[in-house]
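Visitor: Structure file coords.txt, compact mmCIF, C-alpha atoms, is pasted below:
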# COMPACT_ATOMS: atom_id res chain seq x y z
CA MET T 30 0.00 0.00 0.00
CA SER T 31 1.10 3.57 -0.68
CA ALA T 32 2.75 5.48 2.12
CA HIS T 33 -0.17 7.87 1.63
CA GLY T 34 -2.70 5.11 2.41
CA VAL T 35 -3.94 4.27 -1.10
CA PHE T 36 -2.58 4.17 -4.65
CA ALA T 37 -4.33 6.92 -6.63
CA PHE T 38 -3.68 8.67 -9.93
CA ALA T 39 -5.33 11.06 -12.39
CA HIS T 40 -6.07 9.90 -15.93
CA ILE T 41 -6.10 12.78 -18.43
CA GLY T 42 -7.65 11.29 -21.57
CA ASP T 43 -6.61 11.31 -25.24
CA LEU T 44 -5.41 14.80 -26.16
CA HIS T 45 -5.39 14.86 -30.00
CA LEU T 46 -3.35 18.07 -29.93
CA GLU T 47 -3.11 20.10 -33.15
CA GLU T 48 -2.70 23.85 -32.52
CA PRO T 49 -1.70 25.63 -29.29
CA GLN T 50 -4.76 27.91 -29.39
CA ASP T 51 -7.25 25.01 -29.68
CA GLN T 52 -9.68 24.38 -26.83
CA ASN T 53 -8.23 20.94 -26.06
CA ALA T 54 -4.79 22.50 -25.52
CA VAL T 55 -6.35 25.02 -23.12
CA ASP T 56 -8.25 22.22 -21.33
CA LEU T 57 -5.05 20.17 -21.02
CA SER T 58 -3.34 23.06 -19.24
CA ARG T 59 -6.30 23.40 -16.88
CA CYS T 60 -6.26 19.66 -16.09
CA LEU T 61 -2.52 19.67 -15.44
CA ALA T 62 -2.74 22.71 -13.19
CA GLU T 63 -5.41 21.13 -10.99
CA VAL T 64 -3.72 17.72 -10.85
CA ALA T 65 -0.30 19.26 -10.15
CA GLY T 66 -1.74 21.17 -7.21
CA LEU T 67 -3.26 17.99 -5.80
CA HIS T 68 -0.03 16.04 -6.26
CA ALA T 69 1.88 18.78 -4.45
CA ARG T 70 -0.38 18.17 -1.45
CA GLY T 71 0.36 14.42 -1.56
CA LEU T 72 -3.14 13.51 -2.75
CA LEU T 73 -2.32 11.89 -6.14
CA ASP T 74 0.65 9.79 -7.23
CA PHE T 75 0.95 10.81 -10.91
CA ALA T 76 -0.88 11.87 -14.06
CA TYR T 77 -1.43 9.26 -16.77
CA LEU T 78 -1.63 10.12 -20.50
CA PRO T 79 -2.99 7.10 -22.44
CA GLY T 80 -1.77 7.88 -25.96
CA ASP T 81 -3.22 9.79 -28.93
CA LEU T 82 -1.24 12.67 -27.53
CA ALA T 83 -0.89 14.36 -30.94
CA GLU T 84 -3.50 14.21 -33.69
CA HIS T 85 -0.93 13.48 -36.42
CA GLY T 86 2.12 12.53 -34.35
CA THR T 87 4.19 15.55 -35.41
CA ALA T 88 6.98 17.31 -33.55
CA ALA T 89 5.04 20.60 -33.51
CA GLN T 90 2.09 18.91 -31.83
CA TYR T 91 4.29 17.24 -29.19
CA ALA T 92 5.83 20.65 -28.52
CA ILE T 93 2.40 21.84 -27.33
CA LEU T 94 2.30 19.01 -24.80
CA GLU T 95 5.89 19.54 -23.76
CA ARG T 96 5.27 23.21 -23.00
CA ALA T 97 2.20 22.32 -20.95
CA LEU T 98 4.15 19.73 -18.96
CA ASP T 99 7.09 22.09 -18.42
CA ALA T 100 4.74 24.44 -16.57
CA HIS T 101 4.53 21.77 -13.82
CA PRO T 102 8.04 20.28 -13.51
CA ASP T 103 7.30 18.53 -10.20
CA LEU T 104 4.24 16.61 -11.46
CA PRO T 105 5.11 12.96 -12.25
CA VAL T 106 3.69 11.95 -15.64
CA ARG T 107 3.47 8.47 -17.16
CA LEU T 108 2.57 8.24 -20.85
CA ILE T 109 2.22 5.73 -23.65
CA ALA T 110 1.53 5.83 -27.41
CA GLY T 111 -1.82 5.69 -29.18
CA ASP T 112 -2.74 5.01 -32.79
CA HIS T 113 -2.72 8.74 -33.67
CA ASP T 114 0.90 8.92 -32.52
CA ARG T 115 1.60 6.81 -35.63
CA GLN T 116 -1.00 8.53 -37.81
CA LEU T 117 1.46 9.39 -40.59
CA GLY T 118 3.14 5.96 -40.60
CA SER T 119 6.16 6.91 -38.47
CA MET T 120 6.81 7.24 -34.76
CA GLN T 121 10.08 9.17 -34.99
CA ASP T 122 8.61 12.35 -33.52
CA PHE T 123 6.86 10.41 -30.75
CA GLU T 124 10.08 8.57 -29.98
CA ALA T 125 11.99 11.85 -29.69
CA PHE T 126 9.33 13.24 -27.35
CA PHE T 127 9.19 10.00 -25.34
CA SER T 128 12.97 10.04 -24.96
CA ARG T 129 12.80 13.47 -23.38
CA ALA T 130 9.63 13.02 -21.33
CA ALA T 131 9.78 9.41 -20.12
CA LYS T 132 13.54 9.36 -19.57
CA SER T 133 13.36 12.45 -17.36
CA PRO T 134 12.95 12.23 -13.56
CA ARG T 135 9.39 13.52 -14.03
CA GLY T 136 8.70 10.64 -16.43
CA GLY T 137 10.25 7.95 -14.23
CA GLY T 138 13.58 7.59 -16.05
CA HIS T 139 12.33 4.97 -18.53
CA GLU T 140 14.20 3.96 -21.69
CA THR T 141 12.94 2.76 -25.06
CA VAL T 142 13.35 -0.93 -25.95
CA SER T 143 14.77 -2.10 -29.30
CA ASN T 144 13.37 -5.44 -30.54
CA HIS T 145 13.69 -7.39 -33.78
CA LEU T 146 10.06 -8.06 -34.67
CA PRO T 147 8.59 -10.19 -37.48
CA ARG T 148 7.94 -7.17 -39.70
CA PRO T 149 8.33 -7.96 -43.42
CA ARG T 150 7.77 -4.31 -44.42
CA GLU T 151 10.43 -3.01 -42.02
CA ARG T 152 13.36 -5.35 -41.41
CA SER T 153 15.25 -3.07 -39.06
CA ALA T 154 14.80 -3.33 -35.32
CA ALA T 155 11.64 -1.69 -33.99
CA VAL T 156 11.79 0.72 -31.06
CA GLN T 157 9.07 0.00 -28.49
CA HIS T 158 7.90 2.08 -25.56
CA TYR T 159 6.85 -0.23 -22.72
CA TYR T 160 8.07 -0.12 -19.14
CA ALA T 161 7.28 -1.07 -15.54
CA GLU T 162 7.47 0.68 -12.21
CA THR T 163 6.26 0.11 -8.65
CA ILE T 164 4.28 3.12 -7.43
CA GLY T 165 2.49 3.23 -4.10
CA GLY T 166 2.87 -0.50 -3.59
CA VAL T 167 1.31 -1.35 -6.99
CA ARG T 168 3.26 -2.82 -9.90
CA CYS T 169 2.38 -0.59 -12.85
CA LEU T 170 2.91 -2.02 -16.34
CA PHE T 171 2.74 0.45 -19.23
CA LEU T 172 2.22 -1.29 -22.58
CA ASP T 173 2.93 -0.28 -26.17
CA MET T 174 0.24 -1.54 -28.57
CA ILE T 175 1.36 0.71 -31.42
CA SER T 176 5.04 0.30 -32.37
CA ALA T 177 4.77 -3.35 -33.44
CA GLY T 178 1.93 -2.66 -35.89
CA TYR T 179 1.44 -0.90 -39.22
CA GLY T 180 -1.45 1.36 -38.27
CA GLU T 181 -1.61 4.69 -40.08
CA GLU T 182 -4.05 6.99 -41.84
CA GLY T 183 -5.44 5.16 -44.86
CA PHE T 184 -4.47 1.73 -43.52
CA GLY T 185 -6.52 1.66 -40.34
CA LEU T 186 -5.91 0.40 -36.83
CA ASP T 187 -3.30 -2.29 -36.24
CA PHE T 188 -2.78 -2.87 -32.51
CA ARG T 189 0.00 -5.35 -31.70
CA LEU T 190 2.38 -6.15 -28.84
CA GLY T 191 5.05 -8.35 -30.42
CA PRO T 192 6.65 -11.48 -28.90
CA ASP T 193 9.30 -9.68 -26.84
CA GLN T 194 6.78 -7.46 -25.08
CA ARG T 195 4.49 -10.43 -24.39
CA SER T 196 7.36 -12.38 -22.81
CA TRP T 197 8.37 -9.32 -20.80
CA LEU T 198 4.81 -8.86 -19.54
CA ALA T 199 4.49 -12.50 -18.48
CA ALA T 200 7.74 -12.26 -16.53
CA GLN T 201 6.69 -8.99 -14.90
CA LEU T 202 3.36 -10.41 -13.75
CA ALA T 203 5.00 -13.56 -12.39
CA LYS T 204 7.53 -11.46 -10.48
CA ALA T 205 4.79 -9.26 -9.05
CA ASP T 206 2.94 -12.38 -7.87
CA ALA T 207 6.10 -13.64 -6.19
CA ASP T 208 6.62 -10.26 -4.52
CA GLY T 209 2.99 -10.05 -3.38
CA LEU T 210 2.31 -6.87 -5.35
CA PRO T 211 -1.05 -6.05 -6.95
CA CYS T 212 -0.80 -5.07 -10.62
CA ALA T 213 -2.29 -2.37 -12.81
CA ILE T 214 -1.86 -2.38 -16.60
CA PHE T 215 -1.92 0.84 -18.61
CA THR T 216 -2.67 0.50 -22.29
CA HIS T 217 -4.20 2.51 -25.10
CA THR T 218 -7.23 0.31 -25.75
CA TYR T 219 -9.04 -2.87 -24.78
CA PRO T 220 -7.00 -6.07 -25.20
CA ASP T 221 -9.80 -7.33 -27.45
CA ASP T 222 -8.75 -4.71 -30.02
CA LEU T 223 -5.41 -6.44 -30.70
CA ARG T 224 -5.14 -7.47 -34.35
CA GLU T 225 -3.88 -11.03 -33.85
CA PRO T 226 -6.24 -13.51 -32.11
CA ALA T 227 -3.30 -15.33 -30.50
CA GLU T 228 -1.99 -12.11 -28.95
CA ARG T 229 -5.48 -11.21 -27.83
CA ALA T 230 -5.96 -14.55 -26.11
CA GLU T 231 -2.51 -14.46 -24.48
CA LEU T 232 -2.92 -10.96 -23.06
CA CYS T 233 -6.42 -11.64 -21.75
CA GLY T 234 -5.20 -14.90 -20.23
CA LEU T 235 -2.31 -13.17 -18.48
CA ILE T 236 -4.60 -10.48 -17.08
CA ARG T 237 -7.16 -12.97 -15.77
CA GLY T 238 -4.67 -15.61 -14.67
CA HIS T 239 -2.63 -13.16 -12.61
CA GLY T 240 -5.64 -11.33 -11.21
CA VAL T 241 -4.60 -7.90 -12.52
CA ARG T 242 -6.67 -5.41 -10.54
CA LEU T 243 -7.01 -2.65 -13.12
CA VAL T 244 -6.54 -2.11 -16.86
CA GLU T 245 -6.63 1.66 -17.52
CA MET T 246 -7.19 2.74 -21.13
CA GLY T 247 -7.89 5.61 -23.51
CA HIS T 248 -9.05 5.34 -27.14
CA THR T 249 -12.82 5.14 -26.56
CA HIS T 250 -13.26 8.93 -26.14
CA TYR T 251 -15.91 8.26 -23.46
CA ASN T 252 -15.97 7.14 -19.84
CA GLU T 253 -16.57 3.41 -19.52
CA LEU T 254 -16.14 0.69 -16.90
CA ALA T 255 -16.23 -3.06 -17.53
CA SER T 256 -15.66 -5.52 -14.67
CA ASP T 257 -15.36 -9.28 -15.12
CA GLY T 258 -15.31 -10.08 -11.39
CA ARG T 259 -11.51 -10.09 -11.26
CA THR T 260 -10.33 -7.06 -13.23
CA LEU T 261 -11.74 -3.60 -13.82
CA TYR T 262 -11.27 -2.30 -17.37
CA ALA T 263 -11.61 1.49 -17.30
CA SER T 264 -11.45 4.10 -20.05
CA ALA T 265 -11.69 7.87 -19.63
CA ARG T 266 -13.21 10.40 -21.98
CA SER T 267 -10.87 12.30 -24.25
CA VAL T 268 -9.73 15.88 -23.81
CA GLY T 269 -9.77 16.39 -27.58
CA GLN T 270 -12.54 15.26 -29.95
CA ASN T 271 -15.06 14.81 -27.17
CA GLU T 272 -18.81 14.22 -27.19
CA ASP T 273 -19.07 12.88 -23.63
CA GLY T 274 -19.86 15.99 -21.61
CA SER T 275 -17.67 18.22 -19.46
CA VAL T 276 -13.90 18.01 -19.84
CA GLY T 277 -11.93 16.75 -16.86
CA TYR T 278 -9.92 13.78 -15.67
CA ALA T 279 -10.63 10.39 -14.14
CA VAL T 280 -9.42 9.39 -10.69
CA ALA T 281 -8.61 5.72 -10.08
CA ALA T 282 -7.48 4.06 -6.87
CA ILE T 283 -6.43 0.66 -5.54
CA ASP T 284 -7.06 0.25 -1.81
CA GLY T 285 -6.19 -3.27 -0.69
CA ASP T 286 -8.26 -5.58 -2.89
CA VAL T 287 -10.74 -2.86 -3.91
CA VAL T 288 -10.51 -0.82 -7.11
CA SER T 289 -12.47 2.42 -7.43
CA TRP T 290 -12.92 4.95 -10.21
CA ARG T 291 -14.74 8.25 -10.69
CA PHE T 292 -14.63 11.11 -13.20
CA LYS T 293 -13.80 14.66 -12.02
CA PRO T 294 -15.17 17.39 -14.34
CA LEU T 295 -13.25 20.65 -14.40
CA ASP T 296 -16.49 22.63 -14.14
CA GLN T 297 -17.10 21.01 -10.76
CA ALA T 298 -14.98 22.83 -8.20
CA LEU T 299 -13.06 20.97 -5.53
CA PRO T 300 -13.46 19.28 -3.07
CA PHE T 301 -13.89 15.82 -4.59
CA VAL T 302 -14.42 12.53 -2.78
CA MET T 303 -14.28 8.90 -3.90
CA ILE T 304 -15.12 5.88 -1.75
CA THR T 305 -12.20 3.45 -1.99
CA SER T 306 -13.56 0.73 0.35
CA PRO T 307 -15.81 -1.22 0.53
CA ALA T 308 -16.30 -2.20 -3.09
CA ASP T 309 -19.40 -1.37 -5.05
CA ARG T 310 -21.35 -4.47 -6.09
CA ARG T 311 -20.64 -3.69 -9.77
CA LEU T 312 -16.87 -3.70 -9.22
CA ALA T 313 -16.54 -6.29 -6.45
CA THR T 314 -14.18 -9.26 -6.54
CA ARG T 315 -15.10 -10.71 -3.12
CA PRO T 316 -17.87 -10.41 -0.52
CA LEU T 317 -18.23 -7.75 2.14
CA PRO T 318 -16.39 -8.87 5.30
CA ASP T 319 -18.38 -9.84 8.37
CA GLY T 320 -18.69 -7.42 11.27
CA ARG T 321 -18.34 -3.66 11.20
CA VAL T 322 -17.36 -2.10 7.88
CA ASP T 323 -14.32 0.16 7.51
CA VAL T 324 -15.46 2.86 5.09
CA ARG T 325 -12.51 4.62 3.46
CA ALA T 326 -12.52 7.52 1.04
CA LEU T 327 -10.00 9.55 -0.96
CA VAL T 328 -10.40 13.32 -0.67
CA LEU T 329 -9.03 15.81 -3.22
CA SER T 330 -8.90 19.40 -2.04
CA HIS T 331 -6.60 22.41 -2.14
CA GLU T 332 -7.50 23.13 1.48
CA PRO T 333 -5.61 21.72 4.49
CA GLN T 334 -6.90 18.46 5.90
CA SER T 335 -7.90 20.25 9.11
CA ALA T 336 -10.60 22.04 7.08
CA TRP T 337 -12.18 18.84 5.76
CA ARG T 338 -15.56 17.78 7.14
CA CYS T 339 -16.43 14.28 6.00
CA GLN T 340 -19.53 12.23 6.80
CA VAL T 341 -20.74 8.76 5.87
CA ARG T 342 -24.37 7.74 5.69
CA VAL T 343 -26.13 4.38 5.24
CA ASP T 344 -29.23 4.79 3.07
CA ASP T 345 -31.16 7.73 4.58
CA GLY T 346 -29.86 7.15 8.10
CA PRO T 347 -27.98 9.60 10.32
CA ALA T 348 -24.59 10.96 9.22
CA GLN T 349 -21.47 9.69 11.00
CA SER T 350 -18.24 11.65 11.12
CA MET T 351 -15.13 10.34 9.38
CA VAL T 352 -11.57 11.01 10.54
CA PRO T 353 -8.28 11.30 8.64
CA VAL T 354 -6.09 8.26 8.10
CA GLY T 355 -2.98 9.43 6.26
CA PRO T 356 -2.73 12.66 4.24
CA ARG T 357 -5.26 11.80 1.52
CA MET T 358 -7.76 9.46 3.21
CA VAL T 359 -10.61 9.55 5.72
CA HIS T 360 -12.37 6.60 7.31
CA ALA T 361 -15.05 5.46 9.75
CA LEU T 362 -16.04 2.09 11.22
CA ILE T 363 -19.77 1.62 10.77
CA GLU T 364 -22.47 -0.97 11.27
CA TRP T 365 -23.93 -2.38 8.06
CA PRO T 366 -27.50 -3.46 8.84
CA GLN T 367 -29.11 -6.36 7.06
CA GLY T 368 -31.05 -5.03 4.09
CA ALA T 369 -28.97 -1.84 3.78
CA ARG T 370 -28.33 -0.85 0.19
CA ARG T 371 -26.69 2.53 -0.32
CA LEU T 372 -23.53 4.05 1.16
CA SER T 373 -22.68 7.72 0.67
CA VAL T 374 -19.74 9.88 1.73
CA GLU T 375 -19.96 13.67 1.71
CA VAL T 376 -17.05 16.11 2.01
CA ALA T 377 -16.85 19.85 2.58
CA ASP T 378 -13.54 21.72 2.87
CA GLY T 379 -14.61 25.16 4.09
CA THR T 380 -14.66 26.79 0.65
CA VAL T 381 -17.85 28.52 -0.44
CA ASN T 382 -19.75 28.68 -3.71
CA PRO T 383 -20.38 32.35 -4.63
CA ARG T 384 -23.09 31.28 -7.07
CA LYS T 385 -25.09 29.71 -4.25
CA ASN T 386 -25.20 32.59 -1.77
CA GLY T 387 -21.97 31.55 -0.07
CA ALA T 388 -23.07 27.98 0.66
CA LEU T 389 -20.27 25.55 1.43
CA ARG T 390 -18.93 23.62 -1.52
CA LYS T 391 -19.61 19.91 -1.04
CA ASP T 392 -19.16 16.70 -2.98
CA THR T 393 -20.75 13.29 -2.49
CA ASP T 394 -19.86 9.82 -3.74
CA VAL T 395 -22.46 7.06 -3.59
CA ILE T 396 -22.02 3.30 -3.99
CA GLU T 397 -24.07 0.15 -3.45
CA PRO T 398 -21.72 -2.11 -1.49
CA VAL T 399 -21.33 -5.77 -2.38
CA GLY T 400 -23.25 -8.13 -0.12
CA ARG T 401 -22.01 -10.59 2.49
CA SER T 402 -22.33 -13.34 -0.09
CA PHE T 403 -20.70 -12.99 -3.47
CA VAL T 404 -20.46 -15.39 -6.38
CA PRO T 405 -17.86 -14.30 -8.95
CA PRO T 406 -19.24 -14.21 -12.49
CA LEU T 407 -18.13 -16.78 -15.02
CA ALA T 408 -15.33 -15.84 -17.38
CA PRO T 409 -16.80 -13.68 -20.16
CA GLU T 410 -17.10 -14.99 -23.70
CA ARG T 411 -15.14 -11.98 -24.97
CA PRO T 412 -12.57 -11.27 -22.27
CA GLY T 413 -10.78 -7.94 -22.32
CA SER T 414 -13.60 -6.23 -24.21
CA ASP T 415 -16.53 -3.90 -23.61
CA ALA T 416 -19.01 -6.79 -23.96
CA PHE T 417 -19.57 -6.78 -20.19
CA ARG T 418 -19.48 -3.02 -19.71
CA ILE T 419 -21.49 -1.36 -16.99
CA GLN T 420 -24.36 0.71 -18.30
CA ALA T 421 -25.11 4.29 -17.23
CA TRP T 422 -23.71 5.19 -13.78
CA PRO T 423 -24.09 8.96 -13.38
CA GLU T 424 -22.47 9.09 -9.94
CA LYS T 425 -19.21 7.92 -11.53
CA GLY T 426 -19.53 10.03 -14.68
CA ILE T 427 -20.62 7.11 -16.90
CA ARG T 428 -23.27 8.06 -19.46
CA GLY T 429 -23.37 4.65 -21.14
CA ASP T 430 -24.08 5.93 -24.66
CA GLN T 431 -20.61 5.17 -26.11
CA LEU T 432 -20.36 8.45 -28.03
CA GLY T 433 -16.94 7.95 -29.57
CA PRO T 434 -15.59 7.47 -33.11
CA ASN T 435 -15.08 3.72 -32.65
CA ARG T 436 -18.68 3.06 -31.56
CA ARG T 437 -21.69 5.40 -31.77
CA GLY T 438 -20.11 8.84 -32.07
CA ARG T 439 -19.05 11.05 -34.94
CA HIS T 440 -15.97 10.31 -37.06
CA TRP T 441 -13.56 13.14 -36.49
So, in terms of structure tokens, how does the structure I just supplied come out?

Guide:
Amino acid sequence: MSAHGVFAFAHIGDLHLEEPQDQNAVDLSRCLAEVAGLHARGLLDFAYLPGDLAEHGTAAQYAILERALDAHPDLPVRLIAGDHDRQLGSMQDFEAFFSRAAKSPRGGGHETVSNHLPRPRERSAAVQHYYAETIGGVRCLFLDMISAGYGEEGFGLDFRLGPDQRSWLAAQLAKADADGLPCAIFTHTYPDDLREPAERAELCGLIRGHGVRLVEMGHTHYNELASDGRTLYASARSVGQNEDGSVGYAVAAIDGDVVSWRFKPLDQALPFVMITSPADRRLATRPLPDGRVDVRALVLSHEPQSAWRCQVRVDDGPAQSMVPVGPRMVHALIEWPQGARRLSVEVADGTVNPRKNGALRKDTDVIEPVGRSFVPPLAPERPGSDAFRIQAWPEKGIRGDQLGPNRRGRHW
């Protein structure tokens, strides 16, 4: 577990940067500013950029991102490639940017990997951009689905891993098991989108067989959660080319054996709260423990912890105060009566909303905890896909309409 009490990060979705004056470039700067302030207070571990950083993968477009990142030199950033980072058939400009960003202390000091892949069109060694790091007690595995393929404008999508990366991933997961570390995988899209059926089956088998807690993705352009009873597959809406409502960032956390996720719109002022334990029934991997329940929640605020006022409530019952446990968490031990259904946590941090006659700003997260008995679902017919996605879940920022270019949205 993190020294801060829970592993938590911000996911800033696909950027699709083109020009510095574009709205998505402005929104990126706003996201980074808010996340950097929260990281400085010890509330988030890093910012994750899931690929499709530049609309056409050009040096000028990466320069927009680099300038935005340079405004927050102390914010750790972890990034990977997306299909648009190879839009023109080359990744040279992405590789140059990756070499500066990922190799820096802010990027974790990660190097590119050179592998000889079975690529009849390109016989030279391919540079790949995958890496691993332990952050907050979680083994984080950042995958490259792009460099081994031939995807480009006019050809279409071609997501691949390559044999070297697959072997590396298997070894990393086995080592994490041996070390007793939970794992999170960061990738551009669902494993089911891999071109080769054998790769698809191998990756999905590794994820399920090793009990990976979280697979965090971009590509969809909309917020979506899909849980198979072992792993949560989560994608966040894009910053560029968006049809999914207010711009913002997703917050994901791993707290013991519980994974939680919620979207934070920029037009919703802080504070922000997310219940990290117990698990919601839709995301659960095991039953609710017997006895009193330890309710834990992550709080994001620019105000000191002494200003936080946090309460937990069972259904419509009386509110119970929560107390800090570490710099980013609050908790309370509560009774969970038979037949109870809904658990809510509310936070206020002393700031006021001038548009509401000076009323205190508050935020509430609501879940339906898993029951005392829990039967894990059978393995899905299409593992690593959106076939078992959760439908609309407004409290988490999930609309459920799949308004993105790869499903039901417009083609940008």

Visitor: I'd like the neighbourhood of T:Leu329 as an MDAnalysis selection string, where a residue qualifies if any of its atoms comes within 7 Å (using all atoms listed in the file), though same-chain residues fewer than 4 positions away should be ignored.

Guide: chainID T and resid 67 72 299:302

Visitor: Please provide as a VMD selection string all residues within 12 Å of T:Ile175, with the sequence filter that same-chain residues fewer than 2 positions apart are discarded (counting only C-alpha atoms).

Guide: chain T and resid 79 to 81 109 to 116 118 to 120 123 to 124 155 to 159 172 to 173 177 to 181 185 to 191 194 216 to 218 222 to 224

Visitor: Give as a ChimeraX atom specification the set of residues within 7 Å of the point (-18.4, 2.6, 11.3), where distances use the file's coordinates and only C-alpha atoms.

Guide: /T:321-324,361-364

Visitor: Could you build a table of the residues in stretch 353-437 of chain T lying no more than 10 Å from stretch 262-274 of chain T, giving for each the nearest pair of atoms and their separation in Å rounded to one decimal place, using only C-alpha atoms, ordered by chain and ascending residue number, as JSON lines?

Guide:
{"residue": "T:Gly413", "atom": "CA", "partner": "T:Tyr262", "partner_atom": "CA", "distance": 7.5}
{"residue": "T:Ser414", "atom": "CA", "partner": "T:Tyr262", "partner_atom": "CA", "distance": 8.2}
{"residue": "T:Asp415", "atom": "CA", "partner": "T:Tyr262", "partner_atom": "CA", "distance": 8.3}
{"residue": "T:Phe417", "atom": "CA", "partner": "T:Tyr262", "partner_atom": "CA", "distance": 9.8}
{"residue": "T:Arg418", "atom": "CA", "partner": "T:Tyr262", "partner_atom": "CA", "distance": 8.6}
{"residue": "T:Gly426", "atom": "CA", "partner": "T:Gly274", "partner_atom": "CA", "distance": 9.1}
{"residue": "T:Ile427", "atom": "CA", "partner": "T:Asp273", "partner_atom": "CA", "distance": 9.0}
{"residue": "T:Arg428", "atom": "CA", "partner": "T:Asp273", "partner_atom": "CA", "distance": 7.6}
{"residue": "T:Gly429", "atom": "CA", "partner": "T:Asp273", "partner_atom": "CA", "distance": 9.6}
{"residue": "T:Asp430", "atom": "CA", "partner": "T:Asp273", "partner_atom": "CA", "distance": 8.6}
{"residue": "T:Gln431", "atom": "CA", "partner": "T:Asp273", "partner_atom": "CA", "distance": 8.2}
{"residue": "T:Leu432", "atom": "CA", "partner": "T:Glu272", "partner_atom": "CA", "distance": 6.0}
{"residue": "T:Gly433", "atom": "CA", "partner": "T:Glu272", "partner_atom": "CA", "distance": 7.0}
{"residue": "T:Pro434", "atom": "CA", "partner": "T:Gln270", "partner_atom": "CA", "distance": 8.9}

Visitor: Counting all atoms listed in the file, what is within 8 Å of T:Leu117, bar same-chain residues fewer than 3 positions away, as a CSV table (one decimal) with C-alpha atoms, keeping the file's coordinate frame?

Guide:
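Below is the file result33.csv, written as the result:
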chain,number,residue,atom,x,y,z
T,85,HIS,CA,-0.9,13.5,-36.4
T,86,GLY,CA,2.1,12.5,-34.4
T,181,GLU,CA,-1.6,4.7,-40.1
T,182,GLU,CA,-4.0,7.0,-41.8

Visitor: Could you state the separation of atom CA of T:Phe403 and atom CA of T:Pro316 in Å, given to one decimal place?

Guide: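 Interatomic distance here is 4.8 Å.
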
Visitor: Measuring between only C-alpha atoms, which one of T:Gln334, T:Thr305, T:Thr393, T:Asn53 shows the shortest distance to T:Gly355?

Guide: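 Smallest separation from T:Gly355 among the options: T:Gln334.
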
Visitor: So that I can see what lies close to T:Asp392, please list as a list in words the residues with an atom at most 10 Å from it, counting only C-alpha atoms and leaving out residues fewer than 3 positions away in the same chain.

Guide: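 So the residues in contact are Gln297, Ala298, Leu299, Pro300, Phe301, Val302, Met303, Val328, Cys339, Val374, Glu375, Val376, Ala377, Asp378 and Leu389 of chain T.
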
Visitor: Which value, in Å to one decimal, gives the distance between atom CA of T:Lys204 and atom CA of T:Thr260?

Guide: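 Computed distance, atom CA of T:Lys204 to atom CA of T:Thr260, equals 18.6 Å.
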
Visitor: For T:Ala37, which residue out of T:Ile93, T:Ala255, T:Ala54, T:Met358 is the nearest one, using all atoms listed in the file?

Guide: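 Once distances to T:Ala37 are computed over all atoms listed in the file, the minimum belongs to T:Met358.
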
Visitor: Kindly give the distance, in Å, that separates atom CA of T:Arg401 and atom CA of T:Gln367, rounded to a single decimal.

Guide: 9.4 Å

Visitor: Restricting the calculation to all atoms listed in the file: of T:Pro356, T:Gly320, T:Gly387, T:Pro294, which residue gets closest to T:Lys425?

Guide: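 Among the listed residues, the smallest separation from T:Lys425 belongs to T:Pro294.
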
Visitor: So which one's closest to T:Glu245, T:Phe171, T:Phe292, T:Trp422, T:Phe126? Using all atoms listed in the file, please.

Guide: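 Of the candidates, the smallest distance to T:Glu245 is held by T:Phe171.
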
Visitor: Could you pull the residues within 12 Å of T:Gly238, counting only C-alpha atoms, minus those fewer than 2 positions along the same chain, as a PDB file with C-alpha atoms, in the frame of the given file?

Guide:
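Once written, part.pdb looks like this:
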ATOM      1  CA  ALA T 199       4.490 -12.500 -18.480  1.00  0.00           C
ATOM      2  CA  LEU T 202       3.360 -10.410 -13.750  1.00  0.00           C
ATOM      3  CA  ALA T 203       5.000 -13.560 -12.390  1.00  0.00           C
ATOM      4  CA  ASP T 206       2.940 -12.380  -7.870  1.00  0.00           C
ATOM      5  CA  CYS T 212      -0.800  -5.070 -10.620  1.00  0.00           C
ATOM      6  CA  ALA T 230      -5.960 -14.550 -26.110  1.00  0.00           C
ATOM      7  CA  GLU T 231      -2.510 -14.460 -24.480  1.00  0.00           C
ATOM      8  CA  LEU T 232      -2.920 -10.960 -23.060  1.00  0.00           C
ATOM      9  CA  CYS T 233      -6.420 -11.640 -21.750  1.00  0.00           C
ATOM     10  CA  GLY T 234      -5.200 -14.900 -20.230  1.00  0.00           C
ATOM     11  CA  LEU T 235      -2.310 -13.170 -18.480  1.00  0.00           C
ATOM     12  CA  ILE T 236      -4.600 -10.480 -17.080  1.00  0.00           C
ATOM     13  CA  GLY T 240      -5.640 -11.330 -11.210  1.00  0.00           C
ATOM     14  CA  VAL T 241      -4.600  -7.900 -12.520  1.00  0.00           C
ATOM     15  CA  ARG T 242      -6.670  -5.410 -10.540  1.00  0.00           C
ATOM     16  CA  ARG T 259     -11.510 -10.090 -11.260  1.00  0.00           C
ATOM     17  CA  THR T 260     -10.330  -7.060 -13.230  1.00  0.00           C
ATOM     18  CA  ALA T 408     -15.330 -15.840 -17.380  1.00  0.00           C
ATOM     19  CA  PRO T 412     -12.570 -11.270 -22.270  1.00  0.00           C
TER      20      PRO T 412
END

Visitor: Have a look at T:Pro333, T:Gly285, T:Pro147, T:Pro318 and name the one nearest to T:Gly71; count all atoms listed in the file.

Guide: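 When distances to T:Gly71 are compared using all atoms listed in the file, the smallest one comes from T:Pro333.
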